[in-house]
Each structure stands twice: as C-alpha cells, then as structure tokens.
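Have a look at protein_27.tsv; it's TSV, C-alpha atoms and all ligand atoms:
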chain	number	residue	atom	x	y	z
A	242	MET	CA	-3.31	21.22	1.42
A	243	SER	CA	-0.32	18.94	1.96
A	244	LYS	CA	-0.73	15.39	0.74
A	245	LEU	CA	1.33	12.27	1.34
A	246	PHE	CA	1.37	8.82	-0.26
A	247	ILE	CA	2.89	6.12	1.95
A	248	TYR	CA	3.36	2.83	0.19
A	249	TYR	CA	5.20	-0.40	-0.35
A	250	SER	CA	6.10	-2.05	-3.63
A	251	HIS	CA	7.95	-5.28	-4.27
A	252	THR	CA	7.70	-5.54	-8.07
A	253	GLY	CA	7.06	-1.98	-9.23
A	254	ASN	CA	3.29	-1.60	-9.48
A	255	GLY	CA	3.21	0.52	-6.35
A	256	ASP	CA	6.08	2.63	-7.68
A	257	LEU	CA	4.03	3.38	-10.77
A	258	VAL	CA	1.08	4.43	-8.59
A	259	ALA	CA	3.48	6.61	-6.58
A	260	GLU	CA	4.74	8.33	-9.72
A	261	ALA	CA	1.16	9.07	-10.85
A	262	LEU	CA	0.28	10.47	-7.42
A	263	ARG	CA	3.46	12.57	-7.34
A	264	LYS	CA	2.14	14.26	-10.48
A	265	GLN	CA	-1.13	14.88	-8.60
A	266	GLY	CA	0.80	16.76	-5.90
A	267	TYR	CA	1.46	14.04	-3.34
A	268	GLU	CA	4.74	13.68	-1.53
A	269	LEU	CA	6.00	10.10	-1.43
A	270	ARG	CA	7.19	7.94	1.42
A	271	LYS	CA	8.14	4.35	0.58
A	272	ALA	CA	8.23	1.68	3.26
A	273	VAL	CA	11.34	-0.47	2.86
A	274	PRO	CA	11.49	-3.77	4.75
A	275	ARG	CA	14.77	-4.76	6.39
A	276	ARG	CA	14.40	-8.16	4.73
A	277	ASP	CA	12.51	-8.19	1.45
A	278	LEU	CA	10.79	-11.23	-0.03
A	279	PRO	CA	12.93	-13.96	-1.62
A	280	LYS	CA	13.86	-13.33	-5.26
A	281	SER	CA	12.24	-16.48	-6.66
A	282	PHE	CA	8.56	-16.03	-7.52
A	283	ALA	CA	7.43	-19.28	-5.88
A	284	ALA	CA	9.36	-18.66	-2.66
A	285	SER	CA	8.15	-15.06	-2.48
A	286	MET	CA	4.52	-16.15	-2.90
A	287	LEU	CA	4.87	-18.81	-0.22
A	288	LYS	CA	6.64	-16.66	2.32
A	289	GLY	CA	4.75	-13.41	1.68
A	290	GLY	CA	1.42	-15.18	1.38
A	291	PHE	CA	1.88	-17.04	4.64
A	292	LEU	CA	3.12	-14.03	6.59
A	293	ALA	CA	0.40	-11.71	5.26
A	294	GLY	CA	-2.16	-14.38	6.10
A	295	ILE	CA	-1.21	-14.18	9.77
A	296	GLY	CA	-1.05	-10.37	9.75
A	297	HIS	CA	2.74	-10.25	10.18
A	298	LYS	CA	4.40	-6.82	10.48
A	299	SER	CA	7.75	-6.52	8.68
A	300	LYS	CA	10.57	-4.63	10.35
A	301	LEU	CA	11.20	-1.52	8.25
A	302	LYS	CA	14.40	0.37	7.45
A	303	GLY	CA	14.23	3.83	9.02
A	304	TYR	CA	10.48	4.37	8.56
A	305	ASP	CA	9.40	7.92	9.46
A	306	SER	CA	5.93	7.61	10.99
A	307	ASP	CA	5.44	11.36	11.53
A	308	VAL	CA	2.55	12.54	9.35
A	309	SER	CA	1.70	15.61	11.43
A	310	GLY	CA	2.56	17.95	8.54
A	311	TYR	CA	-0.05	16.48	6.19
A	312	ASP	CA	-3.81	16.93	5.88
A	313	GLU	CA	-4.30	14.02	3.52
A	314	VAL	CA	-2.65	10.60	3.62
A	315	ILE	CA	-3.07	7.80	1.11
A	316	ILE	CA	-1.74	4.35	1.90
A	317	GLY	CA	-0.74	2.04	-0.97
A	318	THR	CA	-0.22	-1.68	-0.66
A	319	PRO	CA	0.03	-4.74	-2.84
A	320	VAL	CA	-2.50	-7.45	-1.98
A	321	TRP	CA	-0.82	-10.50	-0.52
A	322	ASN	CA	-2.95	-13.58	0.00
A	323	GLY	CA	-6.06	-11.42	-0.12
A	324	LYS	CA	-4.69	-9.12	2.56
A	325	VAL	CA	-2.61	-6.02	3.16
A	326	SER	CA	1.13	-6.65	2.68
A	327	CYS	CA	3.37	-7.13	5.73
A	328	PRO	CA	5.34	-3.86	5.35
A	329	VAL	CA	2.08	-1.90	5.24
A	330	ASN	CA	0.83	-3.72	8.35
A	331	THR	CA	3.78	-2.06	10.09
A	332	VAL	CA	2.98	1.33	8.56
A	333	LEU	CA	-0.59	1.05	9.84
A	334	SER	CA	0.52	0.05	13.33
A	335	GLU	CA	3.13	2.82	13.65
A	336	THR	CA	1.40	5.80	12.00
A	337	ASP	CA	-1.16	7.96	13.74
A	338	LEU	CA	-3.77	8.55	11.05
A	339	THR	CA	-6.30	10.21	13.34
A	340	ASN	CA	-8.08	13.18	11.75
A	341	LYS	CA	-6.39	12.72	8.38
A	342	LYS	CA	-8.28	12.69	5.14
A	343	LEU	CA	-7.49	9.07	4.38
A	344	ALA	CA	-7.77	6.63	1.47
A	345	PHE	CA	-6.20	3.33	0.46
A	346	VAL	CA	-4.97	2.14	-2.92
A	347	LEU	CA	-4.66	-1.63	-3.28
A	348	TYR	CA	-2.87	-3.11	-6.29
A	349	SER	CA	-3.19	-6.79	-7.07
A	350	GLY	CA	-3.05	-9.46	-9.76
A	351	GLY	CA	-6.80	-9.91	-9.83
A	352	GLY	CA	-7.79	-6.33	-9.07
A	353	SER	CA	-10.19	-7.36	-6.34
A	354	ALA	CA	-9.58	-8.22	-2.70
A	355	PRO	CA	-12.99	-8.04	-1.01
A	356	LYS	CA	-11.86	-9.21	2.44
A	357	ALA	CA	-9.07	-6.66	2.63
A	358	VAL	CA	-11.38	-3.89	1.41
A	359	LYS	CA	-14.06	-4.80	3.96
A	360	LYS	CA	-11.58	-4.83	6.82
A	361	LEU	CA	-10.01	-1.51	5.87
A	362	LYS	CA	-13.39	0.17	5.39
A	363	GLU	CA	-14.61	-1.13	8.75
A	364	LYS	CA	-11.52	0.06	10.58
A	365	TYR	CA	-10.81	3.36	8.81
A	366	ASP	CA	-14.17	4.29	7.24
A	367	CYS	CA	-12.54	5.74	4.12
A	368	PRO	CA	-12.43	5.13	0.36
A	369	VAL	CA	-10.46	2.12	-0.91
A	370	PHE	CA	-9.42	2.02	-4.58
A	371	GLU	CA	-8.46	-1.25	-6.25
A	372	LEU	CA	-6.11	-1.41	-9.23
A	373	ARG	CA	-5.32	-4.47	-11.32
A	374	GLU	CA	-1.57	-4.70	-12.07
A	375	PRO	CA	-1.06	-1.07	-13.20
A	376	LEU	CA	2.31	-1.96	-14.77
A	377	LYS	CA	0.44	-4.18	-17.26
A	378	ASN	CA	-2.73	-2.07	-17.31
A	379	PRO	CA	-1.76	1.62	-17.17
A	380	ASP	CA	-5.41	2.66	-17.71
A	381	GLU	CA	-6.04	1.47	-14.14
A	382	LEU	CA	-4.19	4.60	-12.99
A	383	ASN	CA	-7.16	6.67	-14.23
A	384	LYS	CA	-8.99	5.53	-11.08
A	385	LEU	CA	-6.62	7.77	-9.10
A	386	GLY	CA	-8.34	10.75	-10.65
A	387	GLN	CA	-11.18	10.13	-8.16
A	388	LEU	CA	-8.90	10.96	-5.23
A	401	LIG	C1	3.36	-12.79	-1.67
A	401	LIG	C2	2.39	-12.35	-2.73
A	401	LIG	C3	1.05	-12.65	-2.58
A	401	LIG	C4	0.12	-12.21	-3.53
A	401	LIG	N1	-1.21	-12.48	-3.33
A	401	LIG	C5	-2.12	-12.00	-4.22
A	401	LIG	C6	-3.52	-12.23	-4.00
A	401	LIG	O1	-3.95	-12.83	-3.02
A	401	LIG	N2	-4.40	-11.75	-4.92
A	401	LIG	C7	-3.98	-11.06	-6.04
A	401	LIG	O2	-4.84	-10.63	-6.83
A	401	LIG	N3	-2.66	-10.81	-6.27
A	401	LIG	C8	-1.73	-11.27	-5.38
A	401	LIG	N4	-0.38	-11.02	-5.57
A	401	LIG	C9	0.02	-10.17	-6.72
A	401	LIG	C10	0.33	-8.74	-6.27
A	401	LIG	O3	-0.69	-8.24	-5.42
A	401	LIG	C11	0.39	-7.80	-7.50
A	401	LIG	O4	1.34	-8.29	-8.41
A	401	LIG	C12	0.71	-6.36	-7.11
A	401	LIG	O5	0.42	-5.51	-8.19
A	401	LIG	C13	2.18	-6.22	-6.71
A	401	LIG	O6	2.48	-4.89	-6.37
A	401	LIG	P1	4.01	-4.40	-6.39
A	401	LIG	O7	4.48	-4.63	-7.81
A	401	LIG	O8	3.95	-2.94	-6.07
A	401	LIG	O9	4.76	-5.19	-5.40
A	401	LIG	C14	0.56	-11.47	-4.66
A	401	LIG	C15	1.92	-11.21	-4.82
A	401	LIG	C16	2.84	-11.63	-3.87
A	401	LIG	C17	4.30	-11.30	-4.03
With the file now loaded, output its structure as structure tokens.
Amino acid sequence: MSKLFIYYSHTGNGDLVAEALRKQGYELRKAVPRRDLPKSFAASMLKGGFLAGIGHKSKLKGYDSDVSGYDEVIIGTPVWNGKVSCPVNTVLSETDLTNKKLAFVLYSGGGSAPKAVKKLKEKYDCPVFELREPLKNPDELNKLGQL
C-alpha cells in the first residue's frame, strides 16, 4: 500500500515527524510557501497567527497536488493561533483526498488544539494526532506508531 505524508514545517518539528514517517514507509511531500514567515519570532507569530486566524491560504512553490498514486495520505501541520497553518490550508484546498485513508498530525507548542481537531474531524471524519514540540520531546513521536 503506497503511503504519502504531505506537510509543512517552519521551525523543524514537522521535518522530524516527516523523518519518523519516512522510516515507517511513507513518501514525503513538503509544502513550501513562496513567502515564508518573517525571521523574527515576534513578527512571525503576529503575521502567521493573524493569517491563520482568518483561514488564509499561502501561495506555494510548485506544489504537486496529485495524490492519485497513494492509498493513504497523512497531512502534517503546525498549529498556528489554534488553527491549521496557512500553507496547509492551501494543501487542503488543492488536493483531492476523496477515498483516501486519511489522518492528520498536528504539532504545536502546547500539544493541544481542540478547535482545529474538532473542525478537521467534522470535515474529514478521520483520526487526528497531536504532538507537543517533537524537537524538544522526541517521545511524542511514539504516537505515530498508532498510524
Ligand atoms: C505563527 C505561529 C503561531 C503559533 N500558534 C500556536 C498556537 O496557537 N498554539 C500552540 O500550541 N503553538 C503555537 N505555535 C507553535 C507551533 O505550533 C509549534 O512550535 C510547532 O511545533 C511548529 O512546527 P514546525 O517547527 O514544524 O514549524 C505557533 C507558532 C507560530 C510560528
């Protein structure tokens, strides 16, 4: 069964998740925004938090939305302002996930984003896993064993 992990990462937590999933047999596809967040922490929080809050979709660099060759797709996103990140909003709007075995992995500072989880479960009716800063807490990656 062919498996794909599509994700975004700004500060590396998502990349660590991707590496763990690669070892579990997933191919990787990283969403890369044309304009990433500002480098300064405060500015990135302000801009990313605001844009995620309004459901903004980032323009991506050469995103391949064709998932027809995969049976299983996992989507990974950092939590921004309690919501899905802007690059992953674009992934979700451009990718036809119909009939895929689907799951989400959310990584965040607090490890819990109930509003985002509720929304995703309502819309996609699939498992959502939440990880608290896997770069600082590598044990969180053990949750991926449930996939
Ligand atoms: C713009 C922005 C907004 C964030 N908002 C939240 C939040 O609402 N709740 C939370 O727990 N963490 C929040 N974080 C922290 C990230 O979700 C967390 O560091 C995540 O692991 C980052 O993943 P990455 O390293 O793959 O980019 C935010 C980070 C950024 C940059």
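Among A:Gly266, A:Gly350, A:Gly294, A:Gly386, the residue with the shortest atom-to-atom distance to ligand LIG 401 (chain A), counting only C-alpha atoms and all ligand atoms, is A:Gly350.
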Step by step, measure atom-to-atom distances between ligand LIG 401 (chain A) and each residue using only C-alpha atoms and all ligand atoms, keep those at most 10 Å, then write them as a PDB file with C-alpha atoms, in the frame of the given file.
ATOM      1  CA  TYR A 248       3.360   2.830   0.190  1.00  0.00           C
ATOM      2  CA  TYR A 249       5.200  -0.400  -0.350  1.00  0.00           C
ATOM      3  CA  SER A 250       6.100  -2.050  -3.630  1.00  0.00           C
ATOM      4  CA  HIS A 251       7.950  -5.280  -4.270  1.00  0.00           C
ATOM      5  CA  THR A 252       7.700  -5.540  -8.070  1.00  0.00           C
ATOM      6  CA  GLY A 253       7.060  -1.980  -9.230  1.00  0.00           C
ATOM      7  CA  ASN A 254       3.290  -1.600  -9.480  1.00  0.00           C
ATOM      8  CA  GLY A 255       3.210   0.520  -6.350  1.00  0.00           C
ATOM      9  CA  ASP A 256       6.080   2.630  -7.680  1.00  0.00           C
ATOM     10  CA  LEU A 257       4.030   3.380 -10.770  1.00  0.00           C
ATOM     11  CA  VAL A 258       1.080   4.430  -8.590  1.00  0.00           C
ATOM     12  CA  ALA A 259       3.480   6.610  -6.580  1.00  0.00           C
ATOM     13  CA  LEU A 278      10.790 -11.230  -0.030  1.00  0.00           C
ATOM     14  CA  PRO A 279      12.930 -13.960  -1.620  1.00  0.00           C
ATOM     15  CA  LYS A 280      13.860 -13.330  -5.260  1.00  0.00           C
ATOM     16  CA  SER A 281      12.240 -16.480  -6.660  1.00  0.00           C
ATOM     17  CA  PHE A 282       8.560 -16.030  -7.520  1.00  0.00           C
ATOM     18  CA  ALA A 283       7.430 -19.280  -5.880  1.00  0.00           C
ATOM     19  CA  ALA A 284       9.360 -18.660  -2.660  1.00  0.00           C
ATOM     20  CA  SER A 285       8.150 -15.060  -2.480  1.00  0.00           C
ATOM     21  CA  MET A 286       4.520 -16.150  -2.900  1.00  0.00           C
ATOM     22  CA  LEU A 287       4.870 -18.810  -0.220  1.00  0.00           C
ATOM     23  CA  LYS A 288       6.640 -16.660   2.320  1.00  0.00           C
ATOM     24  CA  GLY A 289       4.750 -13.410   1.680  1.00  0.00           C
ATOM     25  CA  GLY A 290       1.420 -15.180   1.380  1.00  0.00           C
ATOM     26  CA  PHE A 291       1.880 -17.040   4.640  1.00  0.00           C
ATOM     27  CA  LEU A 292       3.120 -14.030   6.590  1.00  0.00           C
ATOM     28  CA  ALA A 293       0.400 -11.710   5.260  1.00  0.00           C
ATOM     29  CA  GLY A 294      -2.160 -14.380   6.100  1.00  0.00           C
ATOM     30  CA  GLY A 317      -0.740   2.040  -0.970  1.00  0.00           C
ATOM     31  CA  THR A 318      -0.220  -1.680  -0.660  1.00  0.00           C
ATOM     32  CA  PRO A 319       0.030  -4.740  -2.840  1.00  0.00           C
ATOM     33  CA  VAL A 320      -2.500  -7.450  -1.980  1.00  0.00           C
ATOM     34  CA  TRP A 321      -0.820 -10.500  -0.520  1.00  0.00           C
ATOM     35  CA  ASN A 322      -2.950 -13.580   0.000  1.00  0.00           C
ATOM     36  CA  GLY A 323      -6.060 -11.420  -0.120  1.00  0.00           C
ATOM     37  CA  LYS A 324      -4.690  -9.120   2.560  1.00  0.00           C
ATOM     38  CA  VAL A 325      -2.610  -6.020   3.160  1.00  0.00           C
ATOM     39  CA  SER A 326       1.130  -6.650   2.680  1.00  0.00           C
ATOM     40  CA  CYS A 327       3.370  -7.130   5.730  1.00  0.00           C
ATOM     41  CA  LEU A 347      -4.660  -1.630  -3.280  1.00  0.00           C
ATOM     42  CA  TYR A 348      -2.870  -3.110  -6.290  1.00  0.00           C
ATOM     43  CA  SER A 349      -3.190  -6.790  -7.070  1.00  0.00           C
ATOM     44  CA  GLY A 350      -3.050  -9.460  -9.760  1.00  0.00           C
ATOM     45  CA  GLY A 351      -6.800  -9.910  -9.830  1.00  0.00           C
ATOM     46  CA  GLY A 352      -7.790  -6.330  -9.070  1.00  0.00           C
ATOM     47  CA  SER A 353     -10.190  -7.360  -6.340  1.00  0.00           C
ATOM     48  CA  ALA A 354      -9.580  -8.220  -2.700  1.00  0.00           C
ATOM     49  CA  ALA A 357      -9.070  -6.660   2.630  1.00  0.00           C
ATOM     50  CA  LEU A 372      -6.110  -1.410  -9.230  1.00  0.00           C
ATOM     51  CA  ARG A 373      -5.320  -4.470 -11.320  1.00  0.00           C
ATOM     52  CA  GLU A 374      -1.570  -4.700 -12.070  1.00  0.00           C
ATOM     53  CA  PRO A 375      -1.060  -1.070 -13.200  1.00  0.00           C
ATOM     54  CA  LEU A 376       2.310  -1.960 -14.770  1.00  0.00           C
ATOM     55  CA  LYS A 377       0.440  -4.180 -17.260  1.00  0.00           C
TER      56      LYS A 377
END
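Contact shell of Val369 (chain A) at 9 Å (all atoms listed in the file; same-chain neighbours under 4 positions omitted): A:Ala344, A:Phe345, A:Val346, A:Leu347, A:Val358, A:Leu361, A:Lys362.
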Check: Hey, what's within 12 Å of Ser334 (chain A) if we count all atoms listed in the file and toss same-chain stuff fewer than 2 positions away? As an NGL selection string, please?
Finding: :A and (296-301 or 304 or 306 or 327-332 or 336-338)
Note to self: Env of Lys341 (chain A): 10 Å cut, atoms = all atoms listed in the file, seq-sep filter 5 positions within chain, self excluded. Answer as a ChimeraX atom specification.
What the structure shows: /A:244,308-309,311-315
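Coordinates place CA of Gln265 (chain A) at a distance of 9.3 Å from CA of Leu388 (chain A).
The interatomic distance for the pair CA of Lys359 (chain A) and CA of Gln387 (chain A) works out to 19.4 Å.
Note that CA of Ala272 (chain A) and CA of Lys302 (chain A) are 7.6 Å apart.
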